[in-house]
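J.: This is coords.cif, which holds mmCIF, C-alpha atoms:
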```
data_entry
#
loop_
_atom_site.label_atom_id
_atom_site.label_comp_id
_atom_site.auth_asym_id
_atom_site.auth_seq_id
_atom_site.Cartn_x
_atom_site.Cartn_y
_atom_site.Cartn_z
CA MET H 76 78.56 119.06 117.38
CA LEU H 77 79.55 122.30 115.66
CA ALA H 78 77.74 124.29 118.34
CA VAL H 79 79.90 122.60 120.96
CA LEU H 80 83.02 123.23 118.91
CA ALA H 81 82.05 126.84 118.43
CA THR H 82 81.94 127.24 122.21
CA ALA H 83 85.28 125.48 122.60
CA VAL H 84 87.09 127.44 119.90
CA GLY H 85 85.34 130.80 120.02
CA LEU H 86 88.65 132.51 120.62
CA VAL H 87 88.58 136.26 120.72
CA LEU H 88 91.63 137.38 118.78
CA GLY H 89 92.90 140.92 119.16
CA ALA H 90 92.85 143.71 121.69
CA GLY H 91 90.05 145.92 122.86
CA ALA H 92 87.32 143.39 122.10
CA ALA H 93 84.57 145.38 123.80
CA GLN H 94 84.96 148.28 121.39
CA ALA H 95 86.33 146.50 118.33
CA GLU H 96 84.45 145.49 115.21
CA GLN H 97 83.59 141.79 115.43
CA VAL H 98 84.71 139.65 112.51
CA LYS H 99 83.74 135.97 112.31
CA VAL H 100 86.69 134.15 110.75
CA GLY H 101 85.68 130.80 109.26
CA PHE H 102 87.93 127.75 109.38
CA SER H 103 87.47 124.02 108.98
CA PRO H 104 87.69 122.35 112.43
CA GLU H 105 90.22 119.71 111.43
CA ALA H 106 93.87 119.27 112.27
CA TYR H 107 96.05 120.83 109.57
CA PRO H 108 99.41 121.26 111.30
CA PRO H 109 101.33 123.47 111.53
CA PHE H 110 98.60 125.88 110.35
CA TYR H 111 95.78 124.70 112.63
CA SER H 112 95.99 122.23 115.50
CA GLN H 113 93.90 121.61 118.60
CA ASP H 114 95.22 121.07 122.12
CA ALA H 115 93.82 118.77 124.79
CA SER H 116 91.53 121.53 126.06
CA GLY H 117 89.96 122.01 122.64
CA ASN H 118 91.71 125.30 121.91
CA TRP H 119 93.03 125.96 118.41
CA GLY H 120 96.54 127.17 117.72
CA GLY H 121 99.16 127.08 115.00
CA TRP H 122 100.88 129.37 112.54
CA GLU H 123 97.72 130.49 110.76
CA VAL H 124 95.85 131.13 114.02
CA GLU H 125 98.72 133.35 115.20
CA ILE H 126 98.76 135.21 111.89
CA VAL H 127 95.00 135.83 112.14
CA ASN H 128 95.56 137.04 115.71
CA ALA H 129 98.31 139.42 114.64
CA ILE H 130 96.38 140.88 111.70
CA CYS H 131 93.28 141.43 113.83
CA ALA H 132 95.24 142.97 116.71
CA GLU H 133 96.98 145.33 114.28
CA GLN H 134 93.63 146.49 112.88
CA LYS H 135 91.81 146.41 116.26
CA LEU H 136 89.33 143.82 115.05
CA ASP H 137 87.54 141.42 117.40
CA CYS H 138 88.10 138.26 115.37
CA VAL H 139 86.25 135.12 116.47
CA LEU H 140 87.28 131.76 115.03
CA THR H 141 84.13 130.12 113.70
CA PRO H 142 84.21 126.40 112.76
CA ILE H 143 82.59 125.45 109.44
CA PRO H 144 83.20 122.24 107.41
CA TRP H 145 85.64 122.96 104.57
CA ASP H 146 83.15 122.61 101.70
CA GLY H 147 80.71 124.89 103.53
CA LEU H 148 83.10 127.80 104.05
CA ILE H 149 82.30 129.73 100.87
CA PRO H 150 78.50 129.26 101.21
CA ALA H 151 78.79 130.43 104.84
CA LEU H 152 80.69 133.52 103.71
CA THR H 153 78.27 134.48 100.94
CA SER H 154 75.27 133.94 103.24
CA LYS H 155 76.90 136.17 105.91
CA LYS H 156 77.22 133.47 108.55
CA ILE H 157 80.91 134.39 108.64
CA ASP H 158 82.79 137.49 107.50
CA ALA H 159 86.09 136.03 106.29
CA ILE H 160 87.82 132.73 105.56
CA MET H 161 91.39 132.29 106.77
CA ASN H 162 92.05 128.59 106.33
CA SER H 163 94.87 128.09 103.83
CA MET H 164 92.47 128.88 100.98
CA SER H 165 94.27 129.50 97.70
CA ILE H 166 93.41 132.52 95.58
CA THR H 167 92.06 131.15 92.28
CA ASP H 168 90.13 132.57 89.35
CA GLU H 169 87.40 129.97 89.87
CA ARG H 170 86.82 131.03 93.48
CA LYS H 171 86.99 134.71 92.49
CA LYS H 172 83.84 134.19 90.46
CA THR H 173 82.02 133.85 93.80
CA ILE H 174 84.11 135.65 96.42
CA ASP H 175 86.92 138.18 96.72
CA PHE H 176 90.32 137.75 98.36
CA SER H 177 92.77 139.81 100.35
CA ASP H 178 96.40 140.04 99.33
CA LYS H 179 98.27 136.78 99.86
CA TYR H 180 99.64 136.02 103.32
CA TYR H 181 101.58 132.88 102.41
CA ASN H 182 102.55 130.71 99.46
CA THR H 183 104.13 127.23 99.63
CA PRO H 184 104.78 124.46 97.10
CA THR H 185 102.35 121.65 96.28
CA ALA H 186 103.71 118.16 96.90
CA VAL H 187 102.88 114.51 96.33
CA ILE H 188 103.75 111.81 98.85
CA GLY H 189 103.33 108.06 98.57
CA SER H 190 104.28 104.67 99.89
CA LYS H 191 107.98 104.06 100.48
CA ASP H 192 107.55 100.71 98.75
CA GLN H 193 106.71 102.37 95.42
CA LYS H 194 109.07 104.41 93.26
CA PHE H 195 107.41 107.17 91.22
CA ASP H 196 107.50 110.94 90.90
CA ALA H 197 104.90 113.73 91.02
CA SER H 198 104.40 113.89 87.25
CA PRO H 199 101.37 112.68 85.26
CA GLU H 200 103.55 109.84 83.98
CA GLY H 201 104.64 108.92 87.49
CA LEU H 202 101.05 108.77 88.74
CA LYS H 203 99.71 106.82 85.77
CA GLY H 204 97.69 103.87 87.07
CA LYS H 205 97.89 105.08 90.69
CA ILE H 206 95.06 105.83 93.13
CA VAL H 207 95.57 109.45 94.17
CA GLY H 208 93.83 110.86 97.24
CA VAL H 209 92.90 114.56 97.51
CA GLN H 210 90.74 116.68 99.78
CA VAL H 211 87.37 117.56 98.23
CA SER H 212 86.76 121.10 96.93
CA THR H 213 90.46 122.05 97.03
CA VAL H 214 92.86 123.23 94.35
CA HIS H 215 94.55 119.85 94.74
CA ALA H 216 91.39 118.03 93.67
CA ALA H 217 91.08 120.37 90.67
CA TYR H 218 94.76 119.96 89.77
CA ALA H 219 94.68 116.16 90.02
CA LYS H 220 91.56 115.93 87.85
CA LYS H 221 93.15 118.19 85.24
CA HIS H 222 96.67 116.75 85.13
CA PHE H 223 96.51 113.17 86.41
CA THR H 224 94.01 111.95 83.83
CA GLU H 225 95.69 108.55 83.52
CA ALA H 226 95.57 107.82 87.25
CA ALA H 227 93.52 104.74 88.11
CA GLU H 228 91.34 106.90 90.37
CA ILE H 229 91.23 110.37 91.89
CA LYS H 230 89.72 109.61 95.30
CA GLU H 231 88.25 112.55 97.22
CA TYR H 232 88.10 112.89 101.01
CA GLN H 233 86.36 115.32 103.33
CA THR H 234 89.65 116.01 105.13
CA GLN H 235 93.33 115.67 104.30
CA ASP H 236 93.78 113.60 107.46
CA GLU H 237 91.43 110.95 106.02
CA ALA H 238 93.53 110.82 102.84
CA ASN H 239 96.70 110.48 104.92
CA GLN H 240 95.16 107.64 106.92
CA ASP H 241 94.17 105.75 103.77
CA LEU H 242 97.66 106.26 102.37
CA SER H 243 99.18 104.92 105.59
CA ALA H 244 96.84 101.91 105.41
CA GLY H 245 97.77 101.19 101.78
CA ARG H 246 94.30 101.91 100.37
CA ILE H 247 95.65 104.60 98.03
CA ASP H 248 99.05 105.04 96.39
CA ALA H 249 99.60 108.78 96.79
CA THR H 250 98.13 112.04 98.01
CA GLN H 251 98.64 115.62 96.88
CA ALA H 252 98.44 118.62 99.24
CA ASP H 253 100.36 121.60 100.57
CA SER H 254 103.99 120.62 101.07
CA ILE H 255 104.23 121.92 104.63
CA ALA H 256 101.12 120.08 105.78
CA LEU H 257 102.37 116.87 104.16
CA ASP H 258 105.80 117.37 105.72
CA ALA H 259 104.12 117.46 109.14
CA PHE H 260 102.48 114.11 108.35
CA LEU H 261 105.77 112.60 107.13
CA LYS H 262 107.35 113.58 110.45
CA SER H 263 104.61 111.82 112.44
CA ASP H 264 105.05 108.21 113.55
CA GLY H 265 102.54 106.97 110.97
CA GLY H 266 104.06 109.04 108.19
CA LYS H 267 107.62 107.94 108.97
CA ALA H 268 106.56 104.31 108.84
CA CYS H 269 104.72 104.36 105.55
CA CYS H 270 105.60 107.14 103.23
CA ASP H 271 108.02 109.54 101.61
CA LEU H 272 108.06 112.63 99.40
CA LYS H 273 107.68 111.85 95.70
CA GLY H 274 108.20 115.42 94.50
CA TYR H 275 106.49 118.72 93.72
CA VAL H 276 103.86 119.15 91.02
CA ALA H 277 104.48 121.28 87.94
CA PRO H 278 103.19 124.87 88.23
CA ASP H 279 99.68 125.72 87.03
CA ASP H 280 98.74 129.24 88.13
CA GLU H 281 95.28 128.91 86.62
CA VAL H 282 94.45 126.10 89.07
CA LEU H 283 96.82 126.62 91.99
CA GLY H 284 96.72 130.41 92.05
CA PRO H 285 99.35 132.89 93.30
CA GLY H 286 99.08 132.08 97.00
CA VAL H 287 96.78 131.96 100.02
CA GLY H 288 94.59 134.90 101.01
CA ALA H 289 91.62 135.72 103.21
CA GLY H 290 88.34 134.91 101.48
CA LEU H 291 85.91 137.86 101.60
CA ARG H 292 82.54 138.88 100.22
CA LYS H 293 82.77 140.88 97.01
CA ASP H 294 80.87 143.80 98.56
CA ASP H 295 83.05 144.04 101.68
CA ALA H 296 85.73 146.43 100.50
CA ALA H 297 86.15 147.94 103.97
CA LEU H 298 87.14 144.64 105.58
CA LYS H 299 89.39 143.80 102.63
CA ASP H 300 91.24 147.09 103.09
CA LYS H 301 91.69 146.41 106.82
CA ILE H 302 93.00 142.88 106.31
CA ASN H 303 95.35 144.00 103.53
CA ALA H 304 96.64 146.78 105.79
CA GLY H 305 97.09 144.26 108.61
CA ILE H 306 99.05 141.86 106.39
CA LYS H 307 101.33 144.68 105.25
CA ALA H 308 101.80 145.98 108.78
CA ILE H 309 102.87 142.65 110.29
CA ARG H 310 105.20 142.07 107.36
CA ASP H 311 106.76 145.52 107.88
CA ASN H 312 106.99 145.51 111.67
CA GLY H 313 108.55 142.05 111.99
CA LYS H 314 105.61 140.30 113.66
CA TYR H 315 105.09 138.02 110.63
CA ALA H 316 108.74 136.92 110.74
CA GLU H 317 108.58 136.47 114.53
CA ILE H 318 105.60 134.11 114.25
CA THR H 319 107.00 132.28 111.23
CA LYS H 320 110.32 131.51 112.95
CA LYS H 321 108.42 129.51 115.57
CA TYR H 322 107.16 127.08 112.92
CA PHE H 323 109.44 127.25 109.85
CA ASP H 324 113.07 127.85 108.97
CA PHE H 325 112.17 129.84 105.85
CA ASP H 326 109.81 132.69 104.88
CA VAL H 327 106.58 131.03 103.71
CA TYR H 328 105.40 134.33 102.24
CA GLY H 329 107.44 134.07 99.08
CA ALA H 330 107.65 130.36 98.26
CA ALA H 331 106.42 129.10 94.92
CA ALA H 332 103.04 127.43 94.22
CA GLN H 333 100.61 127.08 97.29
CA SER H 334 97.64 125.21 99.59
CA ASN H 335 93.94 124.23 99.51
#
```
How does this structure look as structure tokens?
T.:
Amino acid sequence: MLAVLATAVGLVLGAGAAQAEQVKVGFSPEAYPPFYSQDASGNWGGWEVEIVNAICAEQKLDCVLTPIPWDGLIPALTSKKIDAIMNSMSITDERKKTIDFSDKYYNTPTAVIGSKDQKFDASPEGLKGKIVGVQVSTVHAAYAKKHFTEAAEIKEYQTQDEANQDLSAGRIDATQADSIALDAFLKSDGGKACCDLKGYVAPDDEVLGPGVGAGLRKDDAALKDKINAGIKAIRDNGKYAEITKKYFDFDVYGAAAQSN
């Protein structure tokens, strides 16, 4: 299945591909709008795809989107199956034990949503006795396990979409994830029918980190320098703002708290 997906989404991002350095950019092949979404032809687009495109074009890198299940991204990076991860991965001290990161390229708040029929907030007290869904191997799973110790259950899912579906079906009470991704769900027909925003979680930089960056191997300083230079360049030349305006009405670079 992944081989088929790789063919469908092997997008060459950037100019001068024949002469450019090829960089395999790992991402989880799941809908995570507005960062990643797939059209009817199987092509991937979205804010994060366009940002990858812009960074790679700026640095004349031949970047190829390479689908890997979320919990396999870091192993794929360290084993050199891919060269970078650009998939809303938060920069955390725990992950930095294994991999390195570029500078951040966005940073958005962490939210909790739940059934409209229930009144509670995003605090440990508000989620006491609740079943809280989170995506496995994310900062949200780590945060929930650390802070929501009196929840009835912290239920882990392979994808955020699965958590959203269980929330819509009433099998869990709440889910925690990136606020923009959850906002996209709340604007969908299913989200409008079932759920609303309960609030934003309290900051915890140790778990949530300072933002989202490109995951890189510790020994790949050259690629890190190129990606950092690309991030700075598109911020300085207006390309970052141009892309962002297509998806958001605020600058996601400087918001507080973060994603996966």
J.: Taking (85.1, 140.6, 118.2) in the file's own coordinates, collect the residues within 7 Å, counting all atoms listed in the file, and hand them back as a list in words.
T.: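 All residues meeting the 7 Å criterion around (85.1, 140.6, 118.2) are Val87, Ala92, Ala95, Glu96, Gln97, Val98, Leu136, Asp137, Cys138 and Val139 of chain H.
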J.: Go through H:Val207, H:Ala244, H:Ala197, H:Val100 one by one, measure the shortest atom-to-atom distance of each to Gly290 (chain H) using all atoms listed in the file, and give the residue with the smallest value.
T.: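 With all atoms listed in the file as the atom set, the closest residue is H:Val100.
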J.: Counting all atoms listed in the file, which of H:Lys205, H:Arg310, H:Lys220, H:Lys194 gets nearest to Arg246 (chain H)?
T.: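 The closest residue to Arg246 (chain H) is H:Lys205.
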J.: Which residues of region 223-250 of chain H come within 9 Å of region 105-126 of chain H, and for each one, what is the closest pair of atoms and their distance in Å to one decimal, counting only C-alpha atoms, sorted by chain and residue number, as a Markdown table?
T.:
```
| residue | atom | partner | partner_atom | distance |
| --- | --- | --- | --- | --- |
| H:Thr234 | CA | H:Glu105 | CA | 7.3 |
| H:Gln235 | CA | H:Tyr107 | CA | 7.9 |
| H:Asp236 | CA | H:Ala106 | CA | 7.4 |
```
J.: Fewer than 5 positions away in the same chain doesn't count, so skip those; otherwise give me all residues within 7 Å of Thr250 (chain H), counting all atoms listed in the file, as an mmCIF file with C-alpha atoms, in the frame of the given file.
T.:
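Ended up saving to selection33.cif:
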```cif
data_model
loop_
_atom_site.group_PDB
_atom_site.id
_atom_site.type_symbol
_atom_site.label_atom_id
_atom_site.label_comp_id
_atom_site.auth_asym_id
_atom_site.auth_seq_id
_atom_site.Cartn_x
_atom_site.Cartn_y
_atom_site.Cartn_z
ATOM 1 C CA VAL H 187 102.880 114.510 96.330
ATOM 2 C CA ILE H 188 103.750 111.810 98.850
ATOM 3 C CA GLY H 189 103.330 108.060 98.570
ATOM 4 C CA VAL H 207 95.570 109.450 94.170
ATOM 5 C CA GLY H 208 93.830 110.860 97.240
ATOM 6 C CA VAL H 209 92.900 114.560 97.510
ATOM 7 C CA ALA H 238 93.530 110.820 102.840
#
```
